[in-house]
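Next comes upload.cif, with mmCIF, C-alpha atoms.
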data_input
#
loop_
_atom_site.label_atom_id
_atom_site.label_comp_id
_atom_site.auth_asym_id
_atom_site.auth_seq_id
_atom_site.Cartn_x
_atom_site.Cartn_y
_atom_site.Cartn_z
CA MET A 22 116.86 -55.22 -14.69
CA ASP A 23 113.88 -53.49 -16.28
CA ARG A 24 115.17 -49.93 -16.45
CA ALA A 25 111.70 -48.60 -17.22
CA ALA A 26 110.80 -49.59 -13.68
CA ALA A 27 113.59 -47.33 -12.43
CA ALA A 28 112.14 -44.23 -14.08
CA PRO A 29 110.71 -41.41 -11.99
CA GLY A 30 107.25 -39.98 -12.27
CA THR A 31 106.05 -38.49 -15.54
CA ALA A 32 105.44 -34.87 -16.42
CA SER A 33 102.40 -34.77 -14.17
CA ASP A 34 104.76 -34.59 -11.15
CA VAL A 35 105.75 -31.03 -12.10
CA ALA A 36 103.20 -29.02 -14.01
CA GLY A 37 104.27 -27.97 -17.48
CA ILE A 38 107.34 -30.21 -17.73
CA PRO A 39 107.27 -32.43 -20.82
CA ALA A 40 109.03 -35.78 -20.63
CA PHE A 41 109.97 -38.84 -22.56
CA PRO A 42 107.52 -41.61 -21.61
CA GLY A 43 107.92 -42.16 -17.88
CA ILE A 44 111.10 -40.11 -17.65
CA THR A 45 111.91 -36.55 -16.60
CA ASP A 46 114.44 -35.59 -19.24
CA VAL A 47 117.61 -33.72 -18.23
CA PHE A 48 119.66 -34.90 -21.21
CA ASP A 49 118.42 -32.92 -24.22
CA PRO A 50 120.97 -30.10 -24.83
CA ARG A 51 118.19 -27.85 -26.13
CA LEU A 52 116.62 -27.72 -22.66
CA TYR A 53 119.58 -25.75 -21.38
CA ALA A 54 119.15 -22.97 -23.93
CA ALA A 55 116.15 -21.86 -21.85
CA GLY A 56 118.01 -22.11 -18.54
CA VAL A 57 119.29 -24.76 -16.17
CA PRO A 58 116.26 -27.07 -15.59
CA HIS A 59 116.14 -26.74 -11.81
CA ALA A 60 112.52 -27.90 -11.53
CA ARG A 61 113.43 -31.14 -13.29
CA TYR A 62 116.50 -31.59 -11.11
CA ARG A 63 114.40 -31.06 -7.98
CA LEU A 64 111.90 -33.66 -9.14
CA LEU A 65 114.69 -36.19 -9.61
CA ARG A 66 116.42 -35.35 -6.31
CA ASP A 67 113.15 -35.81 -4.42
CA HIS A 68 111.80 -38.90 -6.17
CA ARG A 69 114.56 -40.65 -8.12
CA PRO A 70 118.04 -39.32 -7.29
CA VAL A 71 119.63 -41.92 -9.57
CA ALA A 72 117.35 -41.93 -12.62
CA TRP A 73 117.62 -43.71 -15.94
CA GLN A 74 117.78 -41.32 -18.91
CA GLU A 75 117.27 -42.08 -22.57
CA GLU A 76 119.68 -40.71 -25.19
CA PRO A 77 117.62 -39.94 -28.28
CA GLU A 78 119.10 -38.56 -31.49
CA VAL A 79 119.45 -34.77 -31.20
CA GLY A 80 120.65 -32.40 -33.89
CA GLY A 81 122.14 -35.10 -36.06
CA TRP A 82 124.08 -36.67 -33.20
CA PRO A 83 123.15 -40.36 -32.98
CA ALA A 84 121.12 -41.95 -30.21
CA GLY A 85 122.97 -43.61 -27.33
CA PRO A 86 122.25 -46.44 -24.92
CA GLY A 87 121.12 -44.24 -22.00
CA PHE A 88 122.67 -43.45 -18.63
CA TRP A 89 122.01 -42.95 -14.92
CA ALA A 90 121.55 -39.28 -13.91
CA VAL A 91 122.89 -38.54 -10.41
CA THR A 92 121.38 -35.38 -8.94
CA ARG A 93 121.86 -35.31 -5.14
CA HIS A 94 124.95 -33.67 -3.67
CA ALA A 95 126.04 -36.62 -1.53
CA ASP A 96 125.75 -39.06 -4.43
CA VAL A 97 127.58 -36.74 -6.83
CA VAL A 98 130.46 -36.44 -4.36
CA ARG A 99 130.50 -40.20 -3.84
CA VAL A 100 130.77 -40.87 -7.58
CA LEU A 101 133.49 -38.27 -8.09
CA ARG A 102 135.59 -39.59 -5.21
CA ASP A 103 135.21 -43.34 -5.87
CA HIS A 104 137.35 -43.85 -8.97
CA THR A 105 137.59 -47.61 -8.45
CA THR A 106 133.82 -47.99 -8.87
CA TYR A 107 133.14 -45.09 -11.23
CA SER A 108 135.83 -44.91 -13.90
CA SER A 109 136.89 -41.99 -16.10
CA TRP A 110 139.10 -44.27 -18.20
CA THR A 111 136.58 -46.93 -19.24
CA GLY A 112 134.37 -44.76 -21.46
CA ALA A 113 135.89 -41.26 -21.07
CA THR A 114 133.95 -38.40 -19.47
CA GLN A 115 131.41 -37.12 -22.01
CA ILE A 116 127.81 -38.35 -21.94
CA ARG A 117 127.82 -39.58 -25.52
CA ASP A 118 129.97 -42.62 -26.18
CA PRO A 119 133.07 -41.88 -28.24
CA ASP A 120 133.81 -43.80 -31.39
CA PRO A 121 135.54 -46.99 -30.19
CA ALA A 122 138.42 -46.19 -32.53
CA ASP A 123 138.92 -42.84 -30.74
CA LEU A 124 138.78 -44.19 -27.18
CA PRO A 125 142.48 -45.12 -26.87
CA PHE A 126 143.37 -41.60 -28.02
CA LEU A 127 140.96 -39.96 -25.56
CA ARG A 128 142.46 -41.96 -22.72
CA GLY A 129 145.70 -40.06 -23.27
CA THR A 130 144.47 -37.04 -21.34
CA MET A 131 144.46 -37.09 -17.54
CA LEU A 132 140.79 -36.04 -17.62
CA ASN A 133 140.00 -39.51 -18.94
CA GLN A 134 142.31 -41.50 -16.68
CA ASP A 135 142.00 -43.09 -13.25
CA PRO A 136 144.61 -43.27 -10.49
CA PRO A 137 147.42 -44.21 -10.37
CA ALA A 138 148.10 -43.21 -14.02
CA HIS A 139 146.08 -40.04 -13.54
CA GLY A 140 148.16 -39.07 -10.50
CA ARG A 141 151.46 -39.24 -12.39
CA LEU A 142 150.23 -36.86 -15.09
CA ARG A 143 148.51 -34.56 -12.63
CA ARG A 144 151.67 -34.18 -10.56
CA LEU A 145 153.61 -33.25 -13.69
CA VAL A 146 151.23 -30.51 -14.74
CA ALA A 147 150.66 -29.34 -11.15
CA ARG A 148 154.36 -28.45 -10.94
CA ALA A 149 153.81 -26.18 -13.93
CA PHE A 150 150.50 -24.77 -12.66
CA THR A 151 151.58 -23.72 -9.16
CA PRO A 152 149.65 -21.14 -7.11
CA ALA A 153 152.82 -19.03 -6.98
CA ARG A 154 153.05 -18.91 -10.78
CA VAL A 155 149.34 -18.08 -10.99
CA ASP A 156 149.57 -15.32 -8.35
CA ALA A 157 152.45 -13.73 -10.26
CA PHE A 158 149.91 -12.90 -12.98
CA ALA A 159 147.51 -11.11 -10.61
CA GLY A 160 148.64 -7.61 -11.58
CA ARG A 161 148.34 -8.38 -15.28
CA VAL A 162 144.87 -9.87 -14.74
CA ARG A 163 143.72 -6.73 -12.92
CA GLU A 164 145.07 -4.38 -15.56
CA ARG A 165 143.35 -6.42 -18.27
CA ALA A 166 140.02 -6.26 -16.42
CA ARG A 167 140.34 -2.47 -16.09
CA THR A 168 141.24 -2.04 -19.74
CA LEU A 169 138.43 -4.22 -21.10
CA LEU A 170 135.78 -2.72 -18.83
CA ALA A 171 136.85 0.85 -19.67
CA ALA A 172 136.78 0.09 -23.39
CA ALA A 173 133.33 -1.48 -23.07
CA ARG A 174 132.02 1.53 -21.18
CA ASP A 175 133.55 4.08 -23.54
CA GLY A 176 132.43 2.25 -26.67
CA ALA A 177 128.89 1.46 -25.54
CA GLU A 178 125.98 2.45 -27.75
CA ASP A 179 122.99 3.70 -25.76
CA GLY A 180 124.89 2.81 -22.58
CA ALA A 181 124.82 -0.97 -23.12
CA VAL A 182 127.14 -3.65 -24.49
CA ASP A 183 127.22 -7.39 -24.92
CA VAL A 184 129.75 -8.13 -22.18
CA VAL A 185 130.47 -11.59 -23.58
CA ALA A 186 131.76 -10.17 -26.85
CA SER A 187 133.23 -7.01 -25.32
CA VAL A 188 134.73 -8.26 -22.07
CA THR A 189 134.51 -11.81 -20.79
CA ASP A 190 135.56 -13.82 -23.87
CA GLU A 191 138.69 -11.69 -24.28
CA TYR A 192 139.36 -11.60 -20.54
CA ALA A 193 139.33 -15.38 -20.16
CA LEU A 194 141.29 -16.01 -23.35
CA LEU A 195 144.04 -13.43 -22.83
CA ASN A 196 144.59 -14.35 -19.20
CA LEU A 197 144.98 -18.00 -20.15
CA THR A 198 147.32 -17.32 -23.04
CA ASP A 199 149.49 -15.15 -20.79
CA LEU A 200 149.74 -17.99 -18.29
CA LEU A 201 150.48 -20.56 -20.99
CA GLY A 202 152.94 -18.30 -22.80
CA VAL A 203 151.13 -18.25 -26.15
CA PRO A 204 152.34 -15.46 -28.48
CA ALA A 205 149.84 -12.65 -29.00
CA ALA A 206 149.55 -13.32 -32.73
CA ASP A 207 148.31 -16.87 -32.08
CA ARG A 208 145.69 -16.19 -29.41
CA GLY A 209 142.70 -16.22 -31.74
CA LEU A 210 143.47 -19.85 -32.56
CA LEU A 211 142.79 -20.89 -28.96
CA LEU A 212 139.34 -19.31 -28.97
CA GLU A 213 138.54 -20.93 -32.33
CA TRP A 214 139.53 -24.35 -31.01
CA THR A 215 137.60 -23.85 -27.77
CA VAL A 216 134.40 -22.87 -29.59
CA ARG A 217 134.72 -25.85 -31.90
CA VAL A 218 135.11 -28.33 -29.03
CA ILE A 219 132.75 -26.81 -26.45
CA GLY A 220 129.99 -25.38 -28.63
CA TYR A 221 129.50 -28.35 -30.92
CA GLN A 222 125.90 -28.95 -29.75
CA ASP A 223 124.91 -25.36 -30.53
CA PRO A 224 124.18 -24.63 -34.21
CA GLU A 225 124.79 -20.89 -33.68
CA ASP A 226 127.93 -21.09 -31.57
CA ALA A 227 130.07 -23.54 -33.53
CA PRO A 228 130.80 -24.04 -37.22
CA ALA A 229 128.82 -26.71 -39.03
CA PRO A 230 130.13 -30.12 -37.95
CA LEU A 231 132.19 -32.21 -40.30
CA LEU A 232 130.45 -35.44 -41.24
CA GLY A 233 131.89 -38.93 -41.34
CA PRO A 234 131.40 -41.45 -44.17
CA ASP A 235 128.09 -42.57 -42.64
CA GLY A 236 126.74 -39.01 -42.59
CA THR A 237 126.89 -38.56 -38.82
CA PRO A 238 128.86 -35.67 -37.24
CA LEU A 239 132.47 -36.29 -36.28
CA ASN A 240 133.31 -35.85 -32.61
CA PRO A 241 135.24 -32.54 -32.30
CA ARG A 242 137.47 -34.27 -29.72
CA SER A 243 138.52 -36.98 -32.18
CA PRO A 244 142.14 -37.11 -33.36
CA ALA A 245 140.97 -36.41 -36.90
CA LEU A 246 139.78 -32.94 -35.87
CA LEU A 247 142.52 -32.03 -33.40
CA GLY A 248 145.50 -32.34 -35.70
CA GLU A 249 145.91 -28.58 -36.14
CA MET A 250 145.89 -27.98 -32.38
CA PHE A 251 148.37 -30.77 -31.72
CA ALA A 252 150.76 -29.57 -34.43
CA TYR A 253 150.67 -26.13 -32.85
CA ALA A 254 151.37 -27.60 -29.39
CA ARG A 255 154.48 -29.38 -30.70
CA GLU A 256 155.68 -26.21 -32.43
CA LEU A 257 155.11 -24.07 -29.34
CA ALA A 258 156.88 -26.58 -27.08
CA ALA A 259 159.90 -26.59 -29.39
CA HIS A 260 159.96 -22.79 -29.28
CA LYS A 261 159.78 -22.82 -25.47
CA ARG A 262 162.69 -25.23 -25.21
CA ALA A 263 164.78 -22.87 -27.32
CA HIS A 264 163.40 -19.69 -25.73
CA PRO A 265 162.19 -20.55 -22.20
CA GLY A 266 160.01 -18.21 -20.19
CA ASP A 267 158.21 -18.20 -16.86
CA ASP A 268 155.04 -19.78 -18.20
CA VAL A 269 153.19 -23.08 -18.13
CA MET A 270 154.15 -24.23 -21.64
CA THR A 271 157.85 -23.77 -20.84
CA ALA A 272 157.41 -25.91 -17.73
CA LEU A 273 155.52 -28.58 -19.68
CA ALA A 274 158.06 -28.54 -22.52
CA GLN A 275 160.80 -29.22 -19.96
CA ALA A 276 158.86 -31.85 -17.98
CA GLY A 277 159.94 -34.89 -19.97
CA LEU A 278 156.48 -35.64 -21.38
CA ASP A 279 156.22 -37.75 -24.49
CA PRO A 280 154.78 -35.89 -27.52
CA ALA A 281 151.29 -37.38 -27.16
CA GLU A 282 151.10 -36.44 -23.47
CA LEU A 283 152.22 -32.90 -24.18
CA GLU A 284 149.61 -32.54 -26.94
CA MET A 285 146.83 -33.74 -24.69
CA PHE A 286 147.90 -31.41 -21.87
CA PHE A 287 147.80 -28.49 -24.28
CA PHE A 288 144.34 -29.55 -25.44
CA LEU A 289 143.06 -29.85 -21.88
CA LEU A 290 144.52 -26.54 -20.67
CA THR A 291 143.39 -24.68 -23.78
CA VAL A 292 139.80 -25.86 -23.72
CA ALA A 293 139.10 -26.36 -20.01
CA GLY A 294 141.28 -23.46 -18.89
CA ASN A 295 139.59 -21.03 -21.25
CA ASP A 296 136.00 -22.12 -20.95
CA THR A 297 135.86 -22.29 -17.15
CA VAL A 298 136.14 -18.52 -16.81
CA ARG A 299 134.52 -17.88 -20.19
CA SER A 300 131.36 -19.50 -18.75
CA ALA A 301 131.57 -18.45 -15.10
CA ALA A 302 132.29 -14.75 -15.65
CA PRO A 303 129.14 -13.81 -17.61
CA GLY A 304 127.12 -16.29 -15.55
CA GLY A 305 128.07 -14.47 -12.37
CA LEU A 306 127.25 -11.07 -13.84
CA LEU A 307 123.87 -12.35 -15.03
CA ALA A 308 123.12 -13.70 -11.54
CA LEU A 309 123.96 -10.32 -10.01
CA ALA A 310 121.81 -8.47 -12.55
CA ARG A 311 118.91 -10.66 -11.49
CA HIS A 312 119.63 -10.25 -7.77
CA PRO A 313 120.37 -6.55 -7.14
CA ASP A 314 120.09 -6.97 -3.35
CA ALA A 315 122.94 -9.48 -3.44
CA TYR A 316 125.01 -7.09 -5.53
CA ARG A 317 124.44 -4.31 -3.00
CA ARG A 318 125.70 -6.56 -0.20
CA ILE A 319 128.90 -7.19 -2.14
CA ALA A 320 129.32 -3.56 -3.14
CA ASP A 321 128.93 -2.19 0.39
CA GLY A 322 131.34 -4.76 1.81
CA SER A 323 128.85 -6.64 3.98
CA ALA A 324 129.49 -9.83 1.99
CA PRO A 325 133.18 -10.81 1.70
CA ALA A 326 134.48 -10.94 -1.88
CA ASP A 327 135.81 -14.50 -1.59
CA ARG A 328 132.47 -15.82 -0.33
CA ALA A 329 130.64 -13.94 -3.07
CA VAL A 330 132.75 -15.61 -5.74
CA GLU A 331 132.01 -19.04 -4.25
CA GLU A 332 128.28 -18.31 -4.23
CA LEU A 333 128.31 -17.13 -7.82
CA LEU A 334 130.12 -20.33 -8.76
CA ARG A 335 127.50 -22.34 -6.88
CA VAL A 336 124.55 -20.79 -8.73
CA HIS A 337 126.34 -20.80 -12.10
CA PRO A 338 128.80 -23.71 -12.28
CA PRO A 339 130.86 -23.64 -15.48
CA VAL A 340 130.28 -27.36 -16.08
CA LEU A 341 126.82 -28.91 -15.93
CA SER A 342 127.67 -32.60 -16.04
CA PHE A 343 130.44 -35.19 -16.17
CA ARG A 344 130.25 -38.85 -17.03
CA ARG A 345 131.77 -41.90 -15.38
CA THR A 346 131.34 -45.59 -16.23
CA ALA A 347 130.57 -48.23 -13.62
CA ALA A 348 133.58 -50.54 -13.36
CA ARG A 349 131.60 -53.19 -11.49
CA ASP A 350 128.09 -53.96 -10.35
CA THR A 351 127.19 -51.56 -7.55
CA GLU A 352 124.36 -49.68 -5.88
CA LEU A 353 123.90 -45.92 -5.53
CA ALA A 354 121.11 -44.32 -3.48
CA GLY A 355 119.37 -47.71 -3.44
CA GLN A 356 119.52 -48.07 -7.22
CA PRO A 357 121.33 -51.14 -8.62
CA ILE A 358 123.84 -50.22 -11.34
CA ARG A 359 125.48 -52.73 -13.65
CA ALA A 360 129.12 -52.81 -14.71
CA GLY A 361 129.44 -50.87 -17.96
CA ASP A 362 126.51 -48.52 -17.27
CA LYS A 363 127.13 -44.83 -17.81
CA VAL A 364 126.76 -42.73 -14.64
CA VAL A 365 126.47 -38.95 -15.13
CA VAL A 366 126.74 -36.47 -12.27
CA PHE A 367 124.89 -33.14 -12.56
CA HIS A 368 126.86 -30.40 -10.81
CA ALA A 369 124.16 -27.74 -11.12
CA SER A 370 121.66 -30.05 -9.41
CA ALA A 371 124.04 -30.95 -6.59
CA ASN A 372 124.66 -27.23 -5.99
CA HIS A 373 120.92 -26.71 -5.39
CA ASP A 374 120.36 -29.74 -3.17
CA GLU A 375 118.14 -28.66 -0.27
CA ARG A 376 119.73 -31.38 1.86
CA VAL A 377 123.00 -29.40 1.82
CA PHE A 378 122.16 -25.77 1.01
CA THR A 379 119.59 -23.74 2.95
CA ASP A 380 117.26 -21.89 0.57
CA PRO A 381 119.35 -22.95 -2.45
CA ASP A 382 117.44 -20.78 -4.94
CA ARG A 383 118.53 -17.63 -3.07
CA LEU A 384 121.75 -15.92 -4.13
CA ASP A 385 123.45 -15.38 -0.76
CA PRO A 386 126.88 -13.77 -1.32
CA GLY A 387 127.80 -14.37 2.33
CA ARG A 388 126.90 -18.07 2.30
CA SER A 389 129.16 -20.16 4.55
CA PRO A 390 129.86 -23.00 4.46
CA ASN A 391 129.44 -23.45 0.73
CA PRO A 392 130.49 -26.96 -0.32
CA HIS A 393 129.56 -26.57 -4.00
CA VAL A 394 130.95 -28.99 -6.55
CA SER A 395 131.41 -26.49 -9.38
CA PHE A 396 135.08 -27.48 -9.68
CA GLY A 397 134.38 -31.15 -9.09
CA ASP A 398 135.63 -33.30 -6.24
CA GLY A 399 137.96 -36.23 -5.70
CA PRO A 400 141.08 -36.89 -7.78
CA HIS A 401 139.81 -34.87 -10.74
CA VAL A 402 139.06 -31.63 -8.84
CA CYS A 403 139.79 -28.74 -11.21
CA LEU A 404 143.51 -28.05 -11.47
CA GLY A 405 142.89 -24.45 -12.55
CA ALA A 406 140.44 -23.56 -9.75
CA HIS A 407 142.91 -21.18 -8.11
CA PHE A 408 143.44 -19.25 -11.35
CA ALA A 409 139.71 -19.17 -12.09
CA ARG A 410 138.89 -17.79 -8.63
CA LEU A 411 141.55 -15.11 -8.98
CA GLN A 412 140.17 -13.97 -12.34
CA LEU A 413 136.55 -13.92 -11.17
CA ARG A 414 137.32 -12.00 -7.98
CA VAL A 415 139.37 -9.38 -9.84
CA LEU A 416 136.76 -8.96 -12.58
CA HIS A 417 134.01 -8.30 -10.03
CA GLU A 418 136.19 -5.91 -8.04
CA GLU A 419 137.03 -3.89 -11.13
CA TRP A 420 133.42 -3.89 -12.30
CA ARG A 421 132.33 -2.39 -8.98
CA ALA A 422 135.09 0.20 -9.17
CA ALA A 423 134.24 1.44 -12.66
CA LEU A 424 130.69 0.54 -13.65
CA PRO A 425 127.15 0.72 -12.30
CA ALA A 426 125.38 -2.28 -10.82
CA PRO A 427 124.78 -4.94 -13.50
CA GLU A 428 121.46 -4.36 -15.23
CA LEU A 429 120.08 -6.32 -18.16
CA ALA A 430 119.71 -4.32 -21.36
CA GLY A 431 118.25 -7.19 -23.38
CA GLU A 432 117.72 -10.92 -23.33
CA PRO A 433 120.78 -13.08 -22.69
CA ARG A 434 121.42 -16.10 -24.86
CA ARG A 435 122.56 -19.42 -23.41
CA LEU A 436 124.68 -22.06 -25.06
CA VAL A 437 122.85 -25.13 -26.34
CA SER A 438 124.76 -27.70 -24.29
CA ASN A 439 124.22 -30.29 -21.57
CA PHE A 440 127.91 -30.07 -20.70
CA ILE A 441 128.98 -26.40 -20.47
CA ASN A 442 126.84 -23.83 -18.65
CA GLY A 443 127.61 -21.18 -21.23
CA ILE A 444 126.33 -17.67 -21.89
CA THR A 445 126.88 -16.59 -25.50
CA ARG A 446 125.27 -13.14 -25.31
CA LEU A 447 124.73 -10.89 -22.28
CA PRO A 448 123.60 -7.27 -22.92
CA LEU A 449 124.27 -5.18 -19.77
CA ARG A 450 124.19 -1.45 -19.10
CA VAL A 451 127.68 -0.08 -18.53
CA SER A 452 127.13 3.67 -18.28
CA GLY A 453 126.29 5.63 -15.17
CA PRO A 454 128.06 6.11 -11.82
CA PRO A 455 129.75 3.10 -10.20
CA ALA A 456 128.04 1.49 -7.24
CA ARG A 457 128.69 3.15 -3.86
CA ARG A 458 130.96 1.20 -1.57
CA ARG A 459 132.32 1.69 1.91
CA ARG A 460 135.86 1.11 0.76
CA ARG A 461 137.70 0.57 -2.47
CA ALA A 462 138.48 -3.06 -3.21
CA ARG A 463 142.15 -3.75 -2.68
CA SER A 464 144.24 -6.33 -4.45
CA ARG A 465 144.95 -9.28 -2.20
CA PRO A 466 145.99 -12.86 -2.86
CA ALA A 467 143.16 -15.21 -3.74
CA ARG A 468 142.68 -17.94 -1.16
CA ARG A 469 144.59 -21.07 -1.93
CA HIS A 470 142.67 -24.10 -3.11
CA ARG A 471 143.70 -27.67 -3.58
CA SER A 472 144.94 -28.27 -7.10
#
For this file, produce the structure as structure tokens.
Amino acid sequence: MDRAAAAPGTASDVAGIPAFPGITDVFDPRLYAAGVPHARYRLLRDHRPVAWQEEPEVGGWPAGPGFWAVTRHADVVRVLRDHTTYSSWTGATQIRDPDPADLPFLRGTMLNQDPPAHGRLRRLVARAFTPARVDAFAGRVRERARTLLAAARDGAEDGAVDVVASVTDEYALLNLTDLLGVPAADRGLLLEWTVRVIGYQDPEDAPAPLLGPDGTPLNPRSPALLGEMFAYARELAAHKRAHPGDDVMTALAQAGLDPAELEMFFFLLTVAGNDTVRSAAPGGLLALARHPDAYRRIADGSAPADRAVEELLRVHPPVLSFRRTAARDTELAGQPIRAGDKVVVFHASANHDERVFTDPDRLDPGRSPNPHVSFGDGPHVCLGAHFARLQLRVLHEEWRAALPAPELAGEPRRLVSNFINGITRLPLRVSGPPARRRRRARSRPARRHRS
């Protein structure tokens, strides 16, 4: 097939949008530093919902063979649910191809497996990550939100702080390490590892990449660069076997996993568990700062808190994209796809699909139904979604109780990444009276969600 013939219209379709020849680019990580490219997504949804994308060299990372970008909600859900056609195991789940020598290692995590092997591992970790265990941390999560917000308010210069540095990074990290059972003295290591793995495309957010013998950057997910994390996981598991607690690492240490499986679970929970809330929390606050009417509806109780959290997740999904590989020749939205082709779903595009969401550019905190795909769909739906929702709801409740309506005090900075929808700097005003509300938010269990 001539893939050039499968390309959508050029930049002339949407004024001011540059493009590779014949292609509306949604791959380049640098695009996302300016914001999620919703105009580009809309162009693809309307004219080429399964569009061929080039993979040029960017920032020292080598060029790739290209992939199919899937941008409509129905097609994204179809890909995520159909693991027999669209495999996580074949080529793993990142857009760029891993080094072939690393692929067997990457297949050790359940993120990069297909059923039935995926199901066995997921059931093991699900027994450690139960809603009951998560809910038991609700009081600690609330106290942490209160403490961090009060410290940010009291330490603000000119009434403003960077809430990423002052609140949300610590909030996400400390909540996760409590749940995992990581000793307080070791918690900084988890943030360091997360930044290294997640922020690798951003020259300001991650340390300079290590280079291989050929001069190209080494994948931060390769075994060569994860040795320190894996050694720590083994040491922590041994400690938990000798000194068990009511935490996830104790449950995993006692689950009968082989050492490699335990290491990969620790890697997945550390990185994905931390960065989900680390991205979603400031993203939600930024959305509310830009939509004060929506904030007022939440603050006065006219929009239920649970629905508001879902809407904030819809407009700011923590993850922008995930890759699958076609296991056989197939067709998606009328587009033939060959076995071995990379197929990448774009969550942020699916969440703005006009075919599913009325007025998708409007932040509607009372939106219902709200079938967003911010936590995925199908067998790989986010295992930590329940914990993430709990943390986000509590953070917003405590913000409303203690601080004024979110208001920008400077320009935010976004992560350079086509994978994580990250905010690395968010200056907000934190002084002044808290928003008026009809009633004080009360602690209540977060709604259960499939894990």
Given the PyMOL selection byres ((chain A and resi 301) around 7) and the file above, list the residues it selects as a short mmCIF file (atom, residue, chain, number, x, y, z; two decimals) with C-alpha atoms, in the frame of the given file.
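Output file selection.cif is given in full below:
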data_model
loop_
_atom_site.label_atom_id
_atom_site.label_comp_id
_atom_site.auth_asym_id
_atom_site.auth_seq_id
_atom_site.Cartn_x
_atom_site.Cartn_y
_atom_site.Cartn_z
CA THR A 297 135.86 -22.29 -17.15
CA VAL A 298 136.14 -18.52 -16.81
CA ARG A 299 134.52 -17.88 -20.19
CA SER A 300 131.36 -19.50 -18.75
CA ALA A 302 132.29 -14.75 -15.65
CA PRO A 303 129.14 -13.81 -17.61
CA GLY A 304 127.12 -16.29 -15.55
CA GLY A 305 128.07 -14.47 -12.37
CA LEU A 334 130.12 -20.33 -8.76
CA HIS A 337 126.34 -20.80 -12.10
CA PRO A 338 128.80 -23.71 -12.28
CA PRO A 339 130.86 -23.64 -15.48
#
Long-range neighbours of Val97 (chain A) as a list in words, 9 Å cut-off, all atoms listed in the file, 3 positions minimum in chain: Val91, Thr92, Arg93, His94, Val100, Leu101, Arg102, Val365, Val366, Phe367, His368, Ala371, Val394 and Asp398 of chain A
Option closest in space to Gly322 (chain A), from A:Thr189, A:Gly399, A:Arg421, A:Arg255 [counting only C-alpha atoms]: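 Using only C-alpha atoms, the shortest distance to Gly322 (chain A) belongs to A:Arg421.
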So what does the PyMOL selection byres ((chain A and resi 329) around 10) actually pick up in this one, as an NGL selection string? :A and (305 or 315-316 or 318-319 or 324-328 or 330-335 or 384-389 or 414 or 417)
Report as a list in words the full result of the PyMOL selection byres ((chain A and resi 430) around 8) when it is applied to this structure.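 This file gives the following for the PyMOL selection byres ((chain A and resi 430) around 8): Ala181, Glu428, Leu429, Gly431, Glu432, Pro448, Leu449 and Arg450 of chain A.
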Near Glu375 (chain A), counting only C-alpha atoms, which residues have an atom at most 10 Å away, once you skip same-chain residues fewer than 3 positions from it, shown as a list in words?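 Skipping anything fewer than 3 positions along the chain leaves Arg63, Arg66, Asp67, Arg93, His94, Ser370, Ala371, Asn372, Phe378, Thr379, Asp380, Pro381 and Asp382 of chain A.
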Save the residues we just selected, C-alpha atoms, as a short mmCIF file (atom, residue, chain, number, x, y, z; two decimals), in the coordinates of the input?
data_model
loop_
_atom_site.label_atom_id
_atom_site.label_comp_id
_atom_site.auth_asym_id
_atom_site.auth_seq_id
_atom_site.Cartn_x
_atom_site.Cartn_y
_atom_site.Cartn_z
CA ARG A 63 114.40 -31.06 -7.98
CA ARG A 66 116.42 -35.35 -6.31
CA ASP A 67 113.15 -35.81 -4.42
CA ARG A 93 121.86 -35.31 -5.14
CA HIS A 94 124.95 -33.67 -3.67
CA SER A 370 121.66 -30.05 -9.41
CA ALA A 371 124.04 -30.95 -6.59
CA ASN A 372 124.66 -27.23 -5.99
CA PHE A 378 122.16 -25.77 1.01
CA THR A 379 119.59 -23.74 2.95
CA ASP A 380 117.26 -21.89 0.57
CA PRO A 381 119.35 -22.95 -2.45
CA ASP A 382 117.44 -20.78 -4.94
#
Could you tell me which of A:His104, A:Gly405, A:Ala173, A:Leu278 comes closest to Val451 (chain A) if we count only C-alpha atoms?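 The answer is A:Ala173, which sits nearest to Val451 (chain A).
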I'd like the interatomic distance between CA of His264 (chain A) and CA of Leu197 (chain A), to a tenth of an Å. 19.3 Å
When distances are computed from all atoms listed in the file, which of A:Val57, A:Ala171, A:Ala272, A:Arg51 shows the smallest separation from Gly80 (chain A)?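 Distance minimum relative to Gly80 (chain A) lands on A:Arg51.
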Closest of A:Pro280, A:Pro58, A:Gly294, A:Gly85 to Ala193 (chain A) - atom-to-atom distances counting all atoms listed in the file: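 Answer, going by the shortest atom-to-atom distance: A:Gly294.
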Would you mind reading off the distance between CA of His312 (chain A) and CA of Arg383 (chain A), one decimal, in Å?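 Calculated distance between CA of His312 (chain A) and CA of Arg383 (chain A) is 8.8 Å.
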Please, what distance in Å, to one decimal, runs between CA of Ala113 (chain A) and CA of Leu194 (chain A)? 25.9 Å
Best match for closeness to Thr291 (chain A) among A:Leu306, A:Leu341, A:Ala354, A:Val203, counting only C-alpha atoms: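 Looking at the shortest contact to Thr291 (chain A), the residue is A:Val203.
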